[in-house]
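Student: What follows is work01.tsv, made up of TSV, C-alpha atoms:
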```
chain	number	residue	atom	x	y	z
A	1406	MET	CA	32.71	269.36	78.05
A	1407	VAL	CA	35.68	267.90	79.88
A	1408	ARG	CA	38.00	265.86	77.71
A	1409	GLY	CA	38.71	262.45	79.12
A	1410	LYS	CA	42.09	260.82	79.41
A	1411	THR	CA	43.07	258.95	76.29
A	1412	GLN	CA	43.57	255.29	76.87
A	1413	MET	CA	46.99	254.11	75.70
A	1414	LYS	CA	46.23	251.24	73.34
A	1415	ARG	CA	46.23	250.59	69.64
A	1416	ILE	CA	43.37	252.28	67.73
A	1417	GLU	CA	41.52	249.54	65.96
A	1418	ASN	CA	39.81	251.76	63.37
A	1419	ALA	CA	42.20	252.36	60.44
A	1420	THR	CA	40.74	255.81	59.57
A	1421	SER	CA	40.85	257.05	63.12
A	1422	ARG	CA	44.33	255.64	63.49
A	1423	GLN	CA	45.56	257.53	60.40
A	1424	VAL	CA	43.99	260.82	61.54
A	1425	THR	CA	45.51	260.46	64.99
A	1426	PHE	CA	48.92	259.69	63.45
A	1427	SER	CA	48.82	262.86	61.32
A	1428	LYS	CA	47.84	265.06	64.26
A	1429	ARG	CA	50.31	263.60	66.69
A	1430	ARG	CA	53.12	263.66	64.14
A	1431	SER	CA	52.59	267.33	63.47
A	1432	GLY	CA	52.49	268.07	67.17
A	1433	LEU	CA	55.67	266.02	67.78
A	1434	LEU	CA	57.55	267.84	65.01
A	1435	LYS	CA	56.34	271.18	66.41
A	1436	LYS	CA	57.53	270.28	69.91
A	1437	ALA	CA	60.93	269.19	68.52
A	1438	PHE	CA	61.31	272.48	66.68
A	1439	GLU	CA	60.31	274.51	69.78
A	1440	LEU	CA	62.78	272.56	71.91
A	1441	SER	CA	65.64	273.23	69.49
A	1442	VAL	CA	64.87	276.95	69.24
A	1443	LEU	CA	64.02	277.75	72.84
A	1444	CYS	CA	66.79	275.67	74.43
A	1445	ASP	CA	69.38	275.83	71.61
A	1446	ALA	CA	69.46	272.03	71.62
A	1447	GLU	CA	70.44	269.71	68.85
A	1448	VAL	CA	67.35	267.67	68.05
A	1449	ALA	CA	66.90	264.92	65.50
A	1450	LEU	CA	63.54	263.24	65.00
A	1451	ILE	CA	62.66	260.25	62.86
A	1452	VAL	CA	59.10	259.01	62.37
A	1453	ILE	CA	58.02	256.12	60.15
A	1454	SER	CA	54.34	255.76	59.37
A	1455	PRO	CA	52.49	252.41	59.45
A	1456	ARG	CA	52.68	252.43	55.68
A	1457	GLY	CA	56.48	252.85	55.74
A	1458	LYS	CA	56.72	256.55	54.93
A	1459	LEU	CA	59.63	258.39	56.56
A	1460	TYR	CA	59.36	261.75	58.33
A	1461	GLU	CA	62.42	263.39	59.89
A	1462	PHE	CA	63.45	266.65	61.51
A	1463	ALA	CA	66.90	268.06	62.32
A	1464	SER	CA	67.53	271.28	64.24
A	1465	GLY	CA	69.54	274.19	62.83
A	1466	THR	CA	71.70	273.54	59.79
A	1467	GLY	CA	72.54	270.02	60.85
A	1468	SER	CA	71.21	266.74	59.56
A	1469	VAL	CA	69.73	263.68	61.10
A	1470	GLN	CA	72.74	261.61	59.99
A	1471	LYS	CA	75.15	264.01	61.69
A	1472	THR	CA	73.17	263.85	64.92
A	1473	ILE	CA	73.05	260.06	64.73
A	1474	GLU	CA	76.84	259.87	64.29
A	1475	ARG	CA	77.27	262.15	67.28
A	1476	TYR	CA	74.95	259.92	69.26
A	1477	ARG	CA	76.92	256.82	68.28
A	1478	THR	CA	80.21	258.43	69.32
A	1479	TYR	CA	78.78	259.48	72.66
A	1480	THR	CA	77.24	256.09	73.26
A	1481	LYS	CA	80.48	254.29	72.36
A	1482	ASP	CA	82.58	256.45	74.67
A	1483	ASN	CA	80.06	256.21	77.45
A	1484	VAL	CA	79.77	252.43	77.11
A	1485	SER	CA	83.57	252.07	77.05
A	1486	SER	CA	83.88	254.22	80.15
A	1487	LYS	CA	81.17	252.27	81.93
A	1488	THR	CA	82.74	248.97	80.86
A	1489	ALA	CA	86.17	250.05	82.12
A	1490	GLN	CA	84.67	251.19	85.40
A	1491	GLN	CA	82.80	247.91	85.76
A	1492	ASP	CA	86.00	245.98	85.02
A	1493	ILE	CA	87.87	247.96	87.68
A	1494	GLU	CA	85.14	247.30	90.23
A	1495	GLN	CA	85.15	243.61	89.33
A	1496	VAL	CA	88.94	243.40	89.73
A	1497	LYS	CA	88.71	245.11	93.11
A	1498	ALA	CA	86.00	242.69	94.23
A	1499	ASP	CA	88.07	239.71	93.04
A	1500	ALA	CA	91.15	241.03	94.82
A	1501	GLN	CA	89.21	241.46	98.07
A	1502	GLY	CA	87.81	237.95	97.75
A	1503	LEU	CA	91.26	236.49	97.13
A	1504	ALA	CA	92.67	238.41	100.09
A	1505	LYS	CA	89.99	236.95	102.35
A	1506	LYS	CA	90.66	233.44	101.05
A	1507	LEU	CA	94.41	233.91	101.58
A	1508	GLU	CA	93.84	235.11	105.11
A	1509	ALA	CA	91.66	232.06	105.82
A	1510	LEU	CA	94.31	229.74	104.38
A	1511	GLU	CA	97.02	231.35	106.51
A	1512	ALA	CA	94.89	230.89	109.63
A	1513	TYR	CA	94.27	227.24	108.73
A	1514	LYS	CA	97.99	226.73	108.10
A	1515	ARG	CA	98.85	228.11	111.52
A	1516	LYS	CA	96.34	225.72	113.09
A	1517	LEU	CA	97.91	222.78	111.28
A	1518	LEU	CA	101.28	223.84	112.70
A	1519	GLY	CA	99.84	223.86	116.20
A	1520	GLU	CA	99.54	227.64	116.51
A	1521	LYS	CA	96.54	229.78	117.45
A	1522	LEU	CA	94.60	226.80	118.80
A	1523	GLU	CA	93.00	228.76	121.63
A	1524	GLU	CA	90.03	229.78	119.50
A	1525	CYS	CA	89.39	226.24	118.16
A	1526	SER	CA	86.52	224.17	119.46
A	1527	ILE	CA	86.69	220.45	120.23
A	1528	GLU	CA	85.14	219.63	116.85
A	1529	GLU	CA	87.72	221.73	115.00
A	1530	LEU	CA	90.58	220.14	116.94
A	1531	HIS	CA	89.25	216.67	116.19
A	1532	SER	CA	88.97	217.53	112.49
A	1533	LEU	CA	92.56	218.83	112.47
A	1534	GLU	CA	93.76	215.67	114.20
A	1535	VAL	CA	92.07	213.42	111.65
A	1536	LYS	CA	93.51	215.39	108.72
A	1537	LEU	CA	97.01	215.32	110.19
A	1538	GLU	CA	96.81	211.56	110.70
A	1539	LYS	CA	95.74	211.07	107.08
A	1540	SER	CA	98.57	213.30	105.89
A	1541	LEU	CA	101.09	211.44	108.03
A	1542	HIS	CA	99.85	208.10	106.68
A	1543	CYS	CA	100.29	209.33	103.09
A	1544	ILE	CA	103.76	210.68	103.85
A	1545	ARG	CA	104.91	207.42	105.42
A	1546	GLY	CA	103.52	205.43	102.51
A	1547	ARG	CA	105.42	207.56	100.02
A	1548	LYS	CA	108.60	207.28	102.09
A	1549	THR	CA	108.29	203.49	102.24
A	1550	GLN	CA	107.78	203.34	98.49
A	1551	LEU	CA	110.93	205.39	97.82
A	1552	LEU	CA	112.99	203.22	100.20
A	1553	GLU	CA	111.79	200.04	98.49
A	1554	GLU	CA	112.72	201.47	95.10
A	1555	GLN	CA	116.21	202.36	96.35
A	1556	VAL	CA	116.68	198.86	97.82
A	1557	ASN	CA	115.62	197.24	94.55
A	1558	LYS	CA	118.06	199.42	92.60
A	1559	LEU	CA	120.90	198.48	94.97
A	1560	LYS	CA	120.06	194.78	94.59
A	1561	GLU	CA	120.11	195.07	90.82
A	1562	LYS	CA	123.46	196.86	91.01
A	1563	GLU	CA	124.84	194.14	93.30
A	1564	MET	CA	123.74	191.39	90.89
A	1565	THR	CA	125.34	193.24	87.99
A	1566	LEU	CA	128.63	193.61	89.86
A	1567	ARG	CA	128.66	189.93	90.81
A	1568	LYS	CA	128.05	188.90	87.25
A	1569	ASN	CA	130.86	191.15	86.02
A	1570	ASN	CA	133.16	189.69	88.69
A	1571	GLU	CA	132.38	186.12	87.62
A	1572	ASP	CA	133.01	187.02	83.97
A	1573	LEU	CA	136.41	188.47	84.89
A	1574	ARG	CA	137.34	185.32	86.81
A	1575	GLU	CA	136.46	183.13	83.85
A	1576	LYS	CA	138.60	185.28	81.56
A	1577	CYS	CA	141.56	185.05	83.98
A	1578	LYS	CA	141.29	181.23	84.14
A	1579	ASN	CA	141.35	180.86	80.36
A	1580	GLN	CA	144.46	183.01	79.89
A	1581	PRO	CA	147.97	181.28	79.94
A	1582	PRO	CA	150.33	182.04	82.85
A	1583	LEU	CA	152.85	184.81	82.36
A	1584	THR	CA	156.61	183.87	82.02
A	1585	LEU	CA	159.34	186.27	83.03
A	1586	THR	CA	162.51	186.36	80.84
A	1587	PRO	CA	165.84	187.15	82.63
A	1588	ALA	CA	167.67	190.27	81.66
A	1589	ARG	CA	170.69	189.83	79.42
A	1590	PRO	CA	174.10	191.17	80.55
A	1591	VAL	CA	175.31	194.30	78.86
A	1592	ILE	CA	178.72	193.95	77.13
A	1593	THR	CA	180.66	196.98	76.03
A	1594	VAL	CA	182.81	196.61	72.91
A	1595	GLU	CA	185.83	198.78	72.45
A	1596	ASP	CA	186.09	200.76	69.27
A	1597	ASP	CA	188.67	202.97	67.65
A	1598	ARG	CA	187.20	206.23	68.93
A	1599	PRO	CA	189.65	208.70	70.47
A	1600	GLU	CA	190.35	208.52	74.18
A	1601	GLN	CA	187.64	209.97	76.31
A	1602	ASN	CA	187.64	211.50	79.72
A	1603	ASP	CA	187.20	209.62	82.95
A	1604	ASP	CA	183.57	210.66	82.98
A	1605	ASP	CA	182.92	208.37	79.99
A	1606	ARG	CA	183.88	205.22	81.86
A	1607	MET	CA	181.31	202.48	82.21
A	1608	ASP	CA	181.10	199.84	84.93
A	1609	VAL	CA	179.85	196.47	83.70
A	1610	GLU	CA	178.99	193.46	85.85
A	1611	THR	CA	180.30	190.13	84.49
A	1612	ASP	CA	180.90	186.63	85.78
A	1613	LEU	CA	184.62	186.78	84.86
A	1614	TYR	CA	187.32	186.17	87.51
A	1615	LEU	CA	190.90	187.36	87.39
A	1616	GLY	CA	193.67	184.80	88.12
A	1617	LEU	CA	194.18	181.08	87.72
A	1618	PRO	CA	191.76	178.59	89.20
A	1619	GLY	CA	192.82	177.21	92.58
A	1620	ARG	CA	194.99	180.17	93.52
A	1621	ASP	CA	194.24	182.85	96.01
A	1622	HIS	CA	194.06	185.65	93.62
A	1623	ARG	CA	191.63	188.47	94.21
A	1624	ARG	CA	188.26	187.93	92.58
A	1625	ASN	CA	186.76	190.88	90.86
A	1626	LYS	CA	183.17	190.76	89.86
A	1627	VAL	CA	183.33	194.28	88.57
A	1628	ALA	CA	185.79	195.09	85.77
A	1629	GLU	CA	186.44	198.65	84.92
A	1630	VAL	CA	186.63	199.08	81.19
A	1631	ARG	CA	187.88	202.22	79.67
A	1632	SER	CA	186.71	202.86	76.19
A	1633	GLY	CA	189.13	204.14	73.55
```
Is it possible to give me this structure as structure tokens?

Tutor:
Amino acid sequence: MVRGKTQMKRIENATSRQVTFSKRRSGLLKKAFELSVLCDAEVALIVISPRGKLYEFASGTGSVQKTIERYRTYTKDNVSSKTAQQDIEQVKADAQGLAKKLEALEAYKRKLLGEKLEECSIEELHSLEVKLEKSLHCIRGRKTQLLEEQVNKLKEKEMTLRKNNEDLREKCKNQPPLTLTPARPVITVEDDRPEQNDDDRMDVETDLYLGLPGRDHRRNKVAEVRSG
């Protein structure tokens, strides 16, 4: 009698399900053992029954825990390597995208400067013209604003200077006029010091005249006085 293919679905009968579990578990453990012996492979098998009972198998002198730790280490390293490789690929893709965007911006900049216009269509040229007119309007508006601010500052400075000038004029009006005092003549008095050299002579201007009034004597406005 030919055995039919077993349909892969849950066995509804609890007894049949338990019998099938026991048979299949034994066969799975046998296959794991054969694989470890024939191929010298490290095999760890864990089976938990529907009732929560644990069955495990570890090849050689190892343990299931040791194999699990080895699996975790391998998985961690492999995931890290894959993650790093994915990050590198992502960075390369981003760099290529940025390079394309930069190239497009450079081409657009050249068009705005009036270069490389041979490849532009009428629609593109019209769009460039409109954008340039808008930019020029904004630039002129900003320039006008700055000029108005400068004019206002100069007007404020002018008003401040005028006010300071008026204050100074008021202060000058309230002050009394200055009077100049004539310089007094210098008179040298002889003392009893010993005779000095000719270099120590002093010339003094006075209003004294030599001779009697009414006579033609020589008038000297400068009298030489020797000290000592």

Student: Figure out the distance between CA of Thr1480 in chain A and CA of Ser1454 in chain A, please, to one decimal in Å.

Tutor: 26.8 Å

Student: Quick one: pull the distance between CA of Gly1519 in chain A and CA of Glu1534 in chain A, Å, one decimal.

Tutor: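 Interatomic distance here is 10.4 Å.
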
Student: If you measure from CA of Val1469 in chain A to CA of Ala1449 in chain A, what distance in Å do you get, rounded to one decimal?

Tutor: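 Pair CA of Val1469 in chain A / CA of Ala1449 in chain A returns 5.4 Å.
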
Student: Neighbouring residues of range 1424-1435 of chain A were defined as those with any atom within 9 Å, considering all atoms listed in the file; residues of the same chain fewer than 6 positions away were excluded. Please report them as an MDAnalysis selection string.

Tutor: chainID A and resid 1416 1450 1452 1454 1460:1462

Student: Save out the residues we just selected, C-alpha atoms, as an mmCIF file, in the frame of the given file.

Tutor:
```cif
data_model
loop_
_atom_site.group_PDB
_atom_site.id
_atom_site.type_symbol
_atom_site.label_atom_id
_atom_site.label_comp_id
_atom_site.auth_asym_id
_atom_site.auth_seq_id
_atom_site.Cartn_x
_atom_site.Cartn_y
_atom_site.Cartn_z
ATOM 1 C CA ILE A 1416 43.370 252.280 67.730
ATOM 2 C CA LEU A 1450 63.540 263.240 65.000
ATOM 3 C CA VAL A 1452 59.100 259.010 62.370
ATOM 4 C CA SER A 1454 54.340 255.760 59.370
ATOM 5 C CA TYR A 1460 59.360 261.750 58.330
ATOM 6 C CA GLU A 1461 62.420 263.390 59.890
ATOM 7 C CA PHE A 1462 63.450 266.650 61.510
#
```

Student: Residues at most 12 Å from Lys1521 in chain A, counting all atoms listed in the file, excluding those fewer than 6 positions away in the same chain, as a ChimeraX atom specification?

Tutor: /A:1511-1515,1530

Student: Adding 8 Å on each side of the box along x, y and z that holds all listed atoms of range 1548-1553 of chain A, could you give its centre and edge lengths in Å to one decimal, as AutoDock Vina command-line options?

Tutor:
```
--center_x 110.4 --center_y 203.7 --center_z 100.0 --size_x 21.2 --size_y 23.2 --size_z 20.4
```

Student: Go through A:Ile1493, A:Ala1500, A:Ala1463, A:Leu1541 one by one, measure the shortest atom-to-atom distance of each to Leu1440 in chain A using all atoms listed in the file, and give the residue with the smallest value.

Tutor: A:Ala1463
